[in-house]
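**Q** The structure under discussion is supplied below as structure tokens; questions concerning it will follow.
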Amino acid sequence: MASSSDLSISLRDGSLAVGGTVLISGVPSNVTLAPFEFDRSSSDAPPHLLDQATAAAGRGAFLGFTAPAATDRAQCRLGQLLDRKFLSVFRFKTWWSTMRAGDRGRDLQPETQWVLLDAPELGPGGCVFVLPLVQGSFRSAIFPTFGAGDEDDGVVLCAESGSPAVTGSDFPRIAYVHAGTNPYVVMREAYLAARVHLGTFKLIEEKALPPMAQRFGWCTWDAFYLTVDPVGVWQGVSEFADAGVPARFIVIDDGWQSVNRDDDPAHADATGLVLGGDQMTARLHRFDECERFRRYREGDLLRSPPEVFYDKTMPKTIVRKGCELEAAVKARKKAAAQGGDTDMSTFDAKLERLRGELDQLLAKTAQALDNLREAGSGGDNGSEVGGLRAFLKDLRHKFPELEDVYVWQALCGAWGGVRPGATTLDTVIEPARLSPGLSGTMDDLAVDRIVEGGIGLVQPHHAGKLYDAMHSYLAGAGITGVKVDVFNTLEYLCADHGGRVELAKAYYAGLSDSIVANFRGTGIIASMQQCNDFFFLGTRQVSMARAGDDFWFDDPNGDPMGVYWLQGVHMVNCSYNSLWMGQFVRPDWDMFQSDHVCAAFHAASRAVSGSPIYVSDSLGGHDFDLLRTLVFPDGTLPLCLHYALPTRDCLFKNPLFDQETVLKMWNLNKFGGVIGAFNCQGAGWDPEERRIRGYAHCYKPISGAVQPADVEWAQREDTASMANAAEYAVYKHHSEELVLMTTQSDPIKFTLQPSSYEIFTFVPVMAVAGVKFAPVGVITMLNCGGTIADVNTDGDGEVRMKVKGAGRLVVYSSARPKKSTVDGCEAAFEYGDGGKLEVTLSWKQDKEGVSDVVFSY
């Protein structure tokens, strides 16, 4: 076992080692290792970060190599990885990444973003992190050895520019290696080293979060897809407000923009767009809202709210008809591909009928605003203020608790970019060319459609003008932020623009400047962005980004069990991606549907995630009882202090299909910690099929165990002291059981059914006048520990607490108190076996939901 001070990294005799521990053997002579050094005087990092990087420098080194000749894609075999457990994250689609665990080189996947090697020889928690970097105009990723047979177990580092015109042969700092005895600290120090070395991004601690990060919200996507309109948005916000679960932010997703296809009239919106996929060859032809929103006039919905004239079942009816039409199109294509004497007329007749039915439904919705005006004023209301600006003004007047309204956009404007000639910007339709590294990723409809139509790329020198033109208009209309999708398409378009790094720099600089100028510097959620060059180059202003693939309510490929196993995949993606993305941004766990069959499973994960919580419910499709376990009556959240991460005993395991591992995630509250345990078994990545699929034999009950040490108390200074508690009160959400344990106690064992969960709240026990006491929280909330705002024991035999929320407040007390008061009035309490002390709280509207609770002994 290496001493704690012997964590220097060496490369000699063909072995990459830490202390005496060999990590990779058979390292060729063209691979180099250089000490981690940086120029402190030229860094823009804050002094305290420079101090931390300097203190950790001895545990890190740059990995590099030289290529035989200059090339735009240099691949170097680093050596062989054998019998060494590792955790990695790789891109399984252009824009999405997921975890992969293994113990040899052949277990690696193409486009691996990083590798964490288990190294217990270095001491408890010993590990080594390998981080591909950006160098000059090249970015890098890790691959398994190609074409060498299954027995090779080689590891390849690939540096690519993305342009045949940009070549290189010398890459001395194309990756970084860092060692230590705490995996969370090792990763943090590695990304800190990258921060001070590259100087192209900022860590999350250097940036402010947008206000919506601590709020509840609603996204319009699953409710409307591409048919979103003002009346539907109003109806949705109204439903949440009426139920006492107000949306403090909304995201008006794809469908609000003015887009058309190349064969559409130049200045007319495309018609008939319903489902995702239909719009992917469409381009922006103007920067303001589509006609459905442009037709709105100030006061329309204030005079005639939706219930007067609006059929809220219509959006779902249209979506279902769109799905029926899509299925018929696929059936026709399949029949045509089979050839033979198949009579296609039957298919064509069905398609014609379905298109006619869909057109009729869309025509009905097009009458919505006309009906609105007729119901409200019998015609034109005379207002000169219209469109998105008027709609948002009215929406906020009716629903004053609604603070933020974001809208969707693609990085290049729309999925297909900007239509050449439609604006004054220099725009060219660029063909989409996939890099060779993406050949091992999953087939993707979005990729196919983008390749089919190319992208109308605003040339790099006008990228800043593109964003300012879009965002200044939106900000003037009352929009407070943007959800930006489809980031990684830039790598398809970079061949004639100096390569992927240089094109990305131009676009990300323009985007960052526009966010500062128009959206307070924080009003952005990044999505479809899970590639390392985005994080290294594009996160100067971005402080929130998606941590997983989309929430899929069922399997688009038709597996009937996908309605269940896809939900576990989503959680695993988000939790493991947070290990690296959380260094740059607050991970966003994405929306879900509160009436989904696995909605409680999702809700529990969001409760401990530390992410903002938002749903994509259809109109009328809500489980408000479930939402009230996540959201306070004012639309705020009992938010954890950190972002959820897998516990140490999950890091080198496979919680998706190893048939033995429960996904456990830890997080921190002000006065305790929380572990969420989830049975996610039943699906995962299949390298042969190159897709995520179900593993039905793994969809079964799984057992696990929890203990106080599973919580990484020391990851925040203000919670570190809780690791030293002599005793903890542990609350189990489902059974409502309250137990005591110490760090020496046997772990709490449990068994979870498939797609089920348990939440364990750990609270250090404190002493009050000879009484043991621990504030658990309002147990009607899934993250009950997040309801405790303050606890004060001043030695007079009283515990004074500030608690936010309504419902059953539970604390542990080793003795029955003499009395309890809530807001100065004596309150009844229940005291049960095992020290479970309970008092009921009501929502204090005038105090932002906070009750003053006192227990006297």
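Quick note on naming: the chains in the structure tokens go A, B, ... in the order shown, residues restart at 1 in each chain, and ligands are numbered from 1 in order of appearance.
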Would you give me, as a PyMOL selection string, the residues in stretch 296-487 of chain A that DSSP reads as strand (DSSP E or B)?
**A** chain A and resi 297+386+404-410+413+417-418+427-430+455-458+481-485
**Q** Give me the residues within 12 Å of stretch 393-403 of chain A as a ChimeraX atom specification, counting only C-alpha atoms and dropping any in the same chain fewer than 6 places off.
**A** /A:210-218,230-242,244-251,296-305,385-387,476-481,633-636
**Q** Fewer than 5 positions away in the same chain doesn't count, so skip those; otherwise give me all residues within 6 Å of A:Gln681, counting only C-alpha atoms, as a PDB file with all heavy atoms, in the first residue's frame.
**A**
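The resulting result-v5.pdb:
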```pdb
ATOM      1  N   PRO A 655     -25.195  -0.532 -11.822  1.00  0.00           N
ATOM      2  CA  PRO A 655     -26.524  -0.624 -11.216  1.00  0.00           C
ATOM      3  C   PRO A 655     -27.649  -0.832 -12.226  1.00  0.00           C
ATOM      4  O   PRO A 655     -28.821  -0.802 -11.843  1.00  0.00           O
ATOM      5  CB  PRO A 655     -26.673   0.724 -10.505  1.00  0.00           C
ATOM      6  CG  PRO A 655     -25.821   1.646 -11.302  1.00  0.00           C
ATOM      7  CD  PRO A 655     -24.663   0.833 -11.809  1.00  0.00           C
ATOM      8  N   LEU A 656     -27.292  -1.059 -13.492  1.00  0.00           N
ATOM      9  CA  LEU A 656     -28.309  -1.270 -14.512  1.00  0.00           C
ATOM     10  C   LEU A 656     -28.562  -2.738 -14.818  1.00  0.00           C
ATOM     11  O   LEU A 656     -29.709  -3.148 -14.993  1.00  0.00           O
ATOM     12  CB  LEU A 656     -27.926  -0.547 -15.804  1.00  0.00           C
ATOM     13  CG  LEU A 656     -28.148   0.966 -15.796  1.00  0.00           C
ATOM     14  CD1 LEU A 656     -27.565   1.601 -17.049  1.00  0.00           C
ATOM     15  CD2 LEU A 656     -29.631   1.292 -15.689  1.00  0.00           C
ATOM     16  N   PHE A 657     -27.484  -3.558 -14.901  1.00  0.00           N
ATOM     17  CA  PHE A 657     -27.751  -4.954 -15.249  1.00  0.00           C
ATOM     18  C   PHE A 657     -26.706  -5.927 -14.714  1.00  0.00           C
ATOM     19  O   PHE A 657     -26.399  -6.931 -15.333  1.00  0.00           O
ATOM     20  CB  PHE A 657     -27.935  -5.136 -16.767  1.00  0.00           C
ATOM     21  CG  PHE A 657     -26.811  -4.637 -17.629  1.00  0.00           C
ATOM     22  CD1 PHE A 657     -25.827  -5.502 -18.097  1.00  0.00           C
ATOM     23  CD2 PHE A 657     -26.757  -3.319 -18.019  1.00  0.00           C
ATOM     24  CE1 PHE A 657     -24.805  -5.052 -18.909  1.00  0.00           C
ATOM     25  CE2 PHE A 657     -25.733  -2.854 -18.835  1.00  0.00           C
ATOM     26  CZ  PHE A 657     -24.751  -3.730 -19.280  1.00  0.00           C
ATOM     27  N   CYS A 698     -32.744  -9.156 -15.469  1.00  0.00           N
ATOM     28  CA  CYS A 698     -32.217  -8.329 -14.378  1.00  0.00           C
ATOM     29  C   CYS A 698     -33.307  -7.539 -13.661  1.00  0.00           C
ATOM     30  O   CYS A 698     -33.044  -6.925 -12.627  1.00  0.00           O
ATOM     31  CB  CYS A 698     -31.169  -7.361 -14.920  1.00  0.00           C
ATOM     32  SG  CYS A 698     -29.758  -8.134 -15.713  1.00  0.00           S
ATOM     33  N   TYR A 699     -34.497  -7.551 -14.213  1.00  0.00           N
ATOM     34  CA  TYR A 699     -35.595  -6.769 -13.643  1.00  0.00           C
ATOM     35  C   TYR A 699     -36.221  -7.571 -12.504  1.00  0.00           C
ATOM     36  O   TYR A 699     -37.202  -8.298 -12.674  1.00  0.00           O
ATOM     37  CB  TYR A 699     -36.614  -6.454 -14.733  1.00  0.00           C
ATOM     38  CG  TYR A 699     -37.585  -5.342 -14.368  1.00  0.00           C
ATOM     39  CD1 TYR A 699     -37.177  -4.015 -14.385  1.00  0.00           C
ATOM     40  CD2 TYR A 699     -38.896  -5.618 -14.010  1.00  0.00           C
ATOM     41  CE1 TYR A 699     -38.050  -2.996 -14.056  1.00  0.00           C
ATOM     42  CE2 TYR A 699     -39.778  -4.614 -13.680  1.00  0.00           C
ATOM     43  CZ  TYR A 699     -39.349  -3.305 -13.707  1.00  0.00           C
ATOM     44  OH  TYR A 699     -40.233  -2.287 -13.383  1.00  0.00           O
TER      45      TYR A 699
END
```
**Q** Let me make sure I understand: among A:Glu688, A:Gly521, A:Thr94, A:Phe309, which one has the smallest atom-to-atom distance to A:Thr489 if we use only C-alpha atoms?
**A** A:Thr94
**Q** Could you find all residues in stretch 252-444 of chain A that DSSP calls helix (DSSP H, G or I) from the backbone, and write them as a compact mmCIF listing (two decimals) with N, CA, C and O atoms, in the first residue's frame?
**A**
```txt
# COMPACT_ATOMS: atom_id res chain seq x y z
N GLU A 291 -46.75 32.25 -35.94
CA GLU A 291 -48.03 32.93 -36.10
C GLU A 291 -48.98 32.65 -34.95
O GLU A 291 -49.76 33.52 -34.55
N ARG A 292 -48.95 31.43 -34.39
CA ARG A 292 -49.87 31.11 -33.30
C ARG A 292 -49.71 32.08 -32.13
O ARG A 292 -50.67 32.43 -31.45
N PHE A 293 -48.46 32.51 -31.87
CA PHE A 293 -48.20 33.47 -30.81
C PHE A 293 -48.33 34.91 -31.31
O PHE A 293 -48.75 35.80 -30.56
N ARG A 294 -47.98 35.16 -32.57
CA ARG A 294 -48.05 36.53 -33.10
C ARG A 294 -49.48 37.06 -33.11
O ARG A 294 -49.71 38.26 -32.99
N ASP A 300 -56.42 39.47 -24.35
CA ASP A 300 -57.27 38.41 -24.88
C ASP A 300 -57.69 37.41 -23.80
O ASP A 300 -58.87 37.15 -23.58
N LEU A 301 -56.72 36.82 -23.12
CA LEU A 301 -57.02 35.77 -22.16
C LEU A 301 -57.41 36.32 -20.79
O LEU A 301 -57.93 35.57 -19.94
N LEU A 302 -57.19 37.59 -20.55
CA LEU A 302 -57.72 38.19 -19.32
C LEU A 302 -59.22 38.37 -19.42
O LEU A 302 -59.95 38.20 -18.43
N ARG A 303 -59.69 38.69 -20.64
CA ARG A 303 -61.14 38.85 -20.83
C ARG A 303 -61.86 37.51 -20.97
O ARG A 303 -62.99 37.36 -20.50
N PRO A 306 -59.35 30.38 -20.81
CA PRO A 306 -59.54 29.18 -21.64
C PRO A 306 -60.80 28.40 -21.35
O PRO A 306 -61.40 27.83 -22.26
N GLU A 307 -61.23 28.37 -20.08
CA GLU A 307 -62.39 27.53 -19.78
C GLU A 307 -63.65 28.00 -20.50
O GLU A 307 -64.64 27.26 -20.61
N VAL A 308 -63.66 29.23 -21.03
CA VAL A 308 -64.81 29.73 -21.75
C VAL A 308 -64.99 29.04 -23.09
O VAL A 308 -66.11 28.81 -23.55
N MET A 314 -57.86 18.61 -26.54
CA MET A 314 -57.47 18.64 -27.94
C MET A 314 -55.96 18.42 -28.17
O MET A 314 -55.58 17.69 -29.08
N PRO A 315 -55.06 19.03 -27.37
CA PRO A 315 -53.64 18.79 -27.61
C PRO A 315 -53.27 17.31 -27.58
O PRO A 315 -52.52 16.83 -28.44
N LYS A 316 -53.78 16.59 -26.58
CA LYS A 316 -53.47 15.17 -26.50
C LYS A 316 -54.09 14.40 -27.67
O LYS A 316 -53.50 13.45 -28.19
N THR A 317 -55.28 14.80 -28.09
CA THR A 317 -55.91 14.17 -29.25
C THR A 317 -55.07 14.35 -30.50
O THR A 317 -54.89 13.41 -31.29
N ILE A 318 -54.53 15.55 -30.67
CA ILE A 318 -53.68 15.82 -31.84
C ILE A 318 -52.40 14.99 -31.77
O ILE A 318 -51.96 14.42 -32.78
N VAL A 319 -51.81 14.92 -30.60
CA VAL A 319 -50.58 14.13 -30.45
C VAL A 319 -50.85 12.67 -30.77
O VAL A 319 -50.06 12.01 -31.47
N ARG A 320 -51.94 12.13 -30.28
CA ARG A 320 -52.27 10.74 -30.57
C ARG A 320 -52.48 10.51 -32.06
O ARG A 320 -52.04 9.50 -32.61
N LYS A 321 -53.15 11.45 -32.71
CA LYS A 321 -53.35 11.31 -34.16
C LYS A 321 -52.01 11.42 -34.89
O LYS A 321 -51.77 10.69 -35.87
N GLY A 322 -51.13 12.29 -34.41
CA GLY A 322 -49.79 12.38 -35.00
C GLY A 322 -49.01 11.08 -34.85
O GLY A 322 -48.32 10.65 -35.77
N CYS A 323 -49.15 10.45 -33.68
CA CYS A 323 -48.48 9.16 -33.46
C CYS A 323 -49.04 8.09 -34.39
O CYS A 323 -48.30 7.25 -34.91
N GLU A 324 -50.35 8.12 -34.58
CA GLU A 324 -50.99 7.15 -35.47
C GLU A 324 -50.48 7.34 -36.90
O GLU A 324 -50.20 6.36 -37.61
N LEU A 325 -50.37 8.58 -37.32
CA LEU A 325 -49.85 8.86 -38.66
C LEU A 325 -48.40 8.43 -38.79
O LEU A 325 -48.00 7.83 -39.80
N GLU A 326 -47.60 8.72 -37.77
CA GLU A 326 -46.19 8.32 -37.79
C GLU A 326 -46.05 6.81 -37.90
O GLU A 326 -45.21 6.30 -38.67
N ALA A 327 -46.84 6.06 -37.15
CA ALA A 327 -46.80 4.60 -37.22
C ALA A 327 -47.17 4.10 -38.61
O ALA A 327 -46.59 3.13 -39.12
N ALA A 328 -48.14 4.76 -39.25
CA ALA A 328 -48.55 4.37 -40.60
C ALA A 328 -47.45 4.63 -41.61
O ALA A 328 -47.24 3.84 -42.55
N VAL A 329 -46.74 5.73 -41.44
CA VAL A 329 -45.61 6.03 -42.34
C VAL A 329 -44.53 4.96 -42.20
O VAL A 329 -43.98 4.48 -43.21
N LYS A 330 -44.23 4.58 -40.96
CA LYS A 330 -43.22 3.54 -40.75
C LYS A 330 -43.66 2.21 -41.35
O LYS A 330 -42.86 1.48 -41.94
N ALA A 331 -44.93 1.88 -41.21
CA ALA A 331 -45.44 0.63 -41.77
C ALA A 331 -45.33 0.62 -43.28
O ALA A 331 -44.98 -0.41 -43.89
N ARG A 332 -45.60 1.75 -43.91
CA ARG A 332 -45.48 1.82 -45.37
C ARG A 332 -44.03 1.65 -45.81
O ARG A 332 -43.73 0.95 -46.78
N LYS A 333 -43.12 2.32 -45.09
CA LYS A 333 -41.70 2.19 -45.44
C LYS A 333 -41.23 0.75 -45.30
O LYS A 333 -40.47 0.24 -46.14
N LYS A 334 -41.67 0.08 -44.25
CA LYS A 334 -41.28 -1.31 -44.04
C LYS A 334 -41.81 -2.20 -45.15
O LYS A 334 -41.09 -3.06 -45.68
N ALA A 335 -43.06 -1.97 -45.54
CA ALA A 335 -43.64 -2.77 -46.62
C ALA A 335 -42.94 -2.51 -47.94
O ALA A 335 -42.68 -3.45 -48.71
N ALA A 336 -42.61 -1.25 -48.20
CA ALA A 336 -41.92 -0.92 -49.44
C ALA A 336 -40.53 -1.54 -49.49
O ALA A 336 -40.06 -1.98 -50.54
N ALA A 337 -39.85 -1.57 -48.33
CA ALA A 337 -38.50 -2.14 -48.29
C ALA A 337 -38.52 -3.63 -48.55
O ALA A 337 -37.54 -4.19 -49.05
N GLN A 338 -39.62 -4.29 -48.23
CA GLN A 338 -39.71 -5.74 -48.44
C GLN A 338 -39.89 -6.09 -49.91
O GLN A 338 -39.62 -7.22 -50.32
N SER A 345 -51.34 0.61 -52.30
CA SER A 345 -52.48 1.52 -52.34
C SER A 345 -53.22 1.55 -51.00
O SER A 345 -53.74 2.59 -50.60
N THR A 346 -53.27 0.41 -50.32
CA THR A 346 -53.93 0.38 -49.02
C THR A 346 -53.21 1.28 -48.02
O THR A 346 -53.84 2.03 -47.26
N PHE A 347 -51.87 1.22 -48.04
CA PHE A 347 -51.07 2.07 -47.16
C PHE A 347 -51.29 3.55 -47.51
O PHE A 347 -51.46 4.39 -46.62
N ASP A 348 -51.29 3.84 -48.81
CA ASP A 348 -51.44 5.23 -49.24
C ASP A 348 -52.80 5.79 -48.85
O ASP A 348 -52.92 6.96 -48.44
N ALA A 349 -53.83 4.95 -48.98
CA ALA A 349 -55.16 5.41 -48.61
C ALA A 349 -55.25 5.71 -47.12
O ALA A 349 -55.88 6.70 -46.70
N LYS A 350 -54.63 4.86 -46.32
CA LYS A 350 -54.65 5.10 -44.87
C LYS A 350 -53.90 6.38 -44.52
O LYS A 350 -54.36 7.17 -43.68
N LEU A 351 -52.75 6.60 -45.18
CA LEU A 351 -51.99 7.81 -44.92
C LEU A 351 -52.79 9.05 -45.30
O LEU A 351 -52.80 10.05 -44.56
N GLU A 352 -53.47 9.00 -46.44
CA GLU A 352 -54.26 10.14 -46.87
C GLU A 352 -55.38 10.42 -45.87
O GLU A 352 -55.65 11.58 -45.52
N ARG A 353 -56.02 9.37 -45.39
CA ARG A 353 -57.09 9.54 -44.41
C ARG A 353 -56.58 10.16 -43.11
O ARG A 353 -57.17 11.10 -42.57
N LEU A 354 -55.45 9.63 -42.62
CA LEU A 354 -54.91 10.12 -41.35
C LEU A 354 -54.43 11.56 -41.48
O LEU A 354 -54.62 12.37 -40.56
N ARG A 355 -53.81 11.88 -42.60
CA ARG A 355 -53.38 13.27 -42.79
C ARG A 355 -54.57 14.21 -42.82
O ARG A 355 -54.52 15.32 -42.27
N GLY A 356 -55.65 13.79 -43.45
CA GLY A 356 -56.84 14.61 -43.48
C GLY A 356 -57.42 14.81 -42.09
O GLY A 356 -57.84 15.93 -41.72
N GLU A 357 -57.44 13.75 -41.30
CA GLU A 357 -57.97 13.85 -39.94
C GLU A 357 -57.10 14.76 -39.09
O GLU A 357 -57.61 15.56 -38.28
N LEU A 358 -55.78 14.64 -39.25
CA LEU A 358 -54.88 15.50 -38.49
C LEU A 358 -55.05 16.96 -38.91
O LEU A 358 -55.08 17.86 -38.06
N ASP A 359 -55.17 17.21 -40.20
CA ASP A 359 -55.36 18.58 -40.68
C ASP A 359 -56.63 19.19 -40.10
O ASP A 359 -56.67 20.37 -39.75
N GLN A 360 -57.68 18.38 -39.99
CA GLN A 360 -58.92 18.88 -39.43
C GLN A 360 -58.75 19.27 -37.96
O GLN A 360 -59.26 20.30 -37.51
N LEU A 361 -58.02 18.44 -37.22
CA LEU A 361 -57.77 18.75 -35.81
C LEU A 361 -56.94 20.02 -35.67
O LEU A 361 -57.21 20.87 -34.80
N LEU A 362 -55.92 20.16 -36.51
CA LEU A 362 -55.08 21.35 -36.45
C LEU A 362 -55.87 22.59 -36.83
O LEU A 362 -55.64 23.68 -36.28
N ALA A 363 -56.78 22.45 -37.77
CA ALA A 363 -57.61 23.58 -38.17
C ALA A 363 -58.48 24.05 -37.01
O ALA A 363 -58.72 25.25 -36.83
N LYS A 364 -58.97 23.10 -36.21
CA LYS A 364 -59.77 23.47 -35.05
C LYS A 364 -58.96 24.30 -34.05
O LYS A 364 -59.45 25.28 -33.49
N THR A 365 -57.72 23.88 -33.83
CA THR A 365 -56.90 24.64 -32.88
C THR A 365 -56.54 26.00 -33.44
O THR A 365 -56.35 26.96 -32.67
N ALA A 366 -56.44 26.11 -34.76
CA ALA A 366 -56.12 27.41 -35.37
C ALA A 366 -57.22 28.42 -35.12
O ALA A 366 -57.01 29.64 -35.19
N ALA A 368 -58.63 28.80 -32.27
CA ALA A 368 -58.69 29.08 -30.83
C ALA A 368 -58.64 30.57 -30.53
O ALA A 368 -59.46 31.09 -29.75
N LEU A 369 -57.71 31.30 -31.13
CA LEU A 369 -57.61 32.72 -30.84
C LEU A 369 -58.78 33.50 -31.43
O LEU A 369 -59.23 34.49 -30.85
N ASP A 370 -59.28 33.05 -32.59
CA ASP A 370 -60.47 33.71 -33.14
C ASP A 370 -61.66 33.52 -32.20
O ASP A 370 -62.42 34.46 -31.94
N ASN A 371 -61.82 32.29 -31.70
CA ASN A 371 -62.89 32.04 -30.75
C ASN A 371 -62.71 32.88 -29.49
O ASN A 371 -63.66 33.37 -28.88
N LEU A 372 -61.48 33.01 -29.10
CA LEU A 372 -61.15 33.80 -27.91
C LEU A 372 -61.62 35.24 -28.07
O LEU A 372 -62.29 35.80 -27.20
N ARG A 373 -61.32 35.86 -29.21
CA ARG A 373 -61.71 37.25 -29.39
C ARG A 373 -63.23 37.40 -29.51
O ARG A 373 -63.81 38.36 -29.02
N GLU A 374 -63.83 36.43 -30.17
CA GLU A 374 -65.28 36.50 -30.30
C GLU A 374 -65.96 36.39 -28.93
O GLU A 374 -66.93 37.09 -28.64
N ALA A 375 -65.42 35.51 -28.08
CA ALA A 375 -66.00 35.35 -26.74
C ALA A 375 -65.74 36.57 -25.88
O ALA A 375 -66.55 36.95 -25.04
N GLY A 376 -64.59 37.23 -26.10
CA GLY A 376 -64.20 38.33 -25.22
C GLY A 376 -64.73 39.68 -25.62
O GLY A 376 -65.18 40.46 -24.80
N GLY A 387 -48.60 39.59 -29.81
CA GLY A 387 -47.55 38.60 -29.88
C GLY A 387 -47.08 38.14 -28.52
O GLY A 387 -47.78 38.23 -27.50
N LEU A 388 -45.85 37.65 -28.49
CA LEU A 388 -45.28 37.06 -27.28
C LEU A 388 -45.22 38.07 -26.14
O LEU A 388 -45.50 37.74 -24.98
N ARG A 389 -44.88 39.31 -26.46
CA ARG A 389 -44.78 40.34 -25.41
C ARG A 389 -46.12 40.54 -24.71
O ARG A 389 -46.18 40.59 -23.47
N ALA A 390 -47.19 40.65 -25.48
CA ALA A 390 -48.51 40.85 -24.89
C ALA A 390 -48.94 39.62 -24.11
O ALA A 390 -49.52 39.75 -23.01
N PHE A 391 -48.67 38.45 -24.65
CA PHE A 391 -49.06 37.22 -23.96
C PHE A 391 -48.37 37.11 -22.61
O PHE A 391 -49.01 36.81 -21.58
N LEU A 392 -47.07 37.35 -22.56
CA LEU A 392 -46.34 37.21 -21.30
C LEU A 392 -46.76 38.29 -20.30
O LEU A 392 -46.81 38.03 -19.09
N LYS A 393 -47.07 39.46 -20.78
CA LYS A 393 -47.55 40.52 -19.88
C LYS A 393 -48.84 40.09 -19.21
O LYS A 393 -49.01 40.22 -17.98
N ASP A 394 -49.77 39.55 -20.00
CA ASP A 394 -51.04 39.09 -19.44
C ASP A 394 -50.84 37.88 -18.52
O ASP A 394 -51.49 37.76 -17.47
N LEU A 395 -49.97 36.97 -18.93
CA LEU A 395 -49.74 35.76 -18.14
C LEU A 395 -49.20 36.11 -16.76
O LEU A 395 -49.66 35.57 -15.74
N ARG A 396 -48.27 37.03 -16.70
CA ARG A 396 -47.70 37.42 -15.41
C ARG A 396 -48.71 38.22 -14.58
O ARG A 396 -48.68 38.17 -13.35
N HIS A 397 -49.56 38.97 -15.25
CA HIS A 397 -50.59 39.71 -14.51
C HIS A 397 -51.55 38.74 -13.83
O HIS A 397 -51.92 38.95 -12.66
N LYS A 398 -51.93 37.68 -14.53
CA LYS A 398 -52.86 36.70 -13.98
C LYS A 398 -52.18 35.81 -12.96
O LYS A 398 -52.79 35.43 -11.95
N PRO A 436 -15.45 10.07 -37.46
CA PRO A 436 -15.34 8.61 -37.38
C PRO A 436 -15.64 8.05 -35.99
O PRO A 436 -16.15 6.94 -35.87
N GLY A 437 -15.36 8.82 -34.95
CA GLY A 437 -15.59 8.33 -33.60
C GLY A 437 -17.05 8.07 -33.30
O GLY A 437 -17.37 7.29 -32.41
N LEU A 438 -17.95 8.72 -34.03
CA LEU A 438 -19.37 8.54 -33.78
C LEU A 438 -19.94 7.29 -34.44
O LEU A 438 -21.12 6.99 -34.26
N SER A 439 -19.10 6.58 -35.19
CA SER A 439 -19.60 5.36 -35.85
C SER A 439 -19.99 4.28 -34.84
O SER A 439 -20.76 3.38 -35.17
N GLY A 440 -19.47 4.37 -33.63
CA GLY A 440 -19.80 3.38 -32.61
C GLY A 440 -20.96 3.77 -31.73
O GLY A 440 -21.30 3.05 -30.79
```
**Q** Rank A:Ala475, A:Ala789, A:Leu226, A:Leu434 by their smallest atom-to-atom distance to A:Thr271, using only C-alpha atoms, and report the top residue only.
**A**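 Result for the nearest residue to A:Thr271: A:Leu226.
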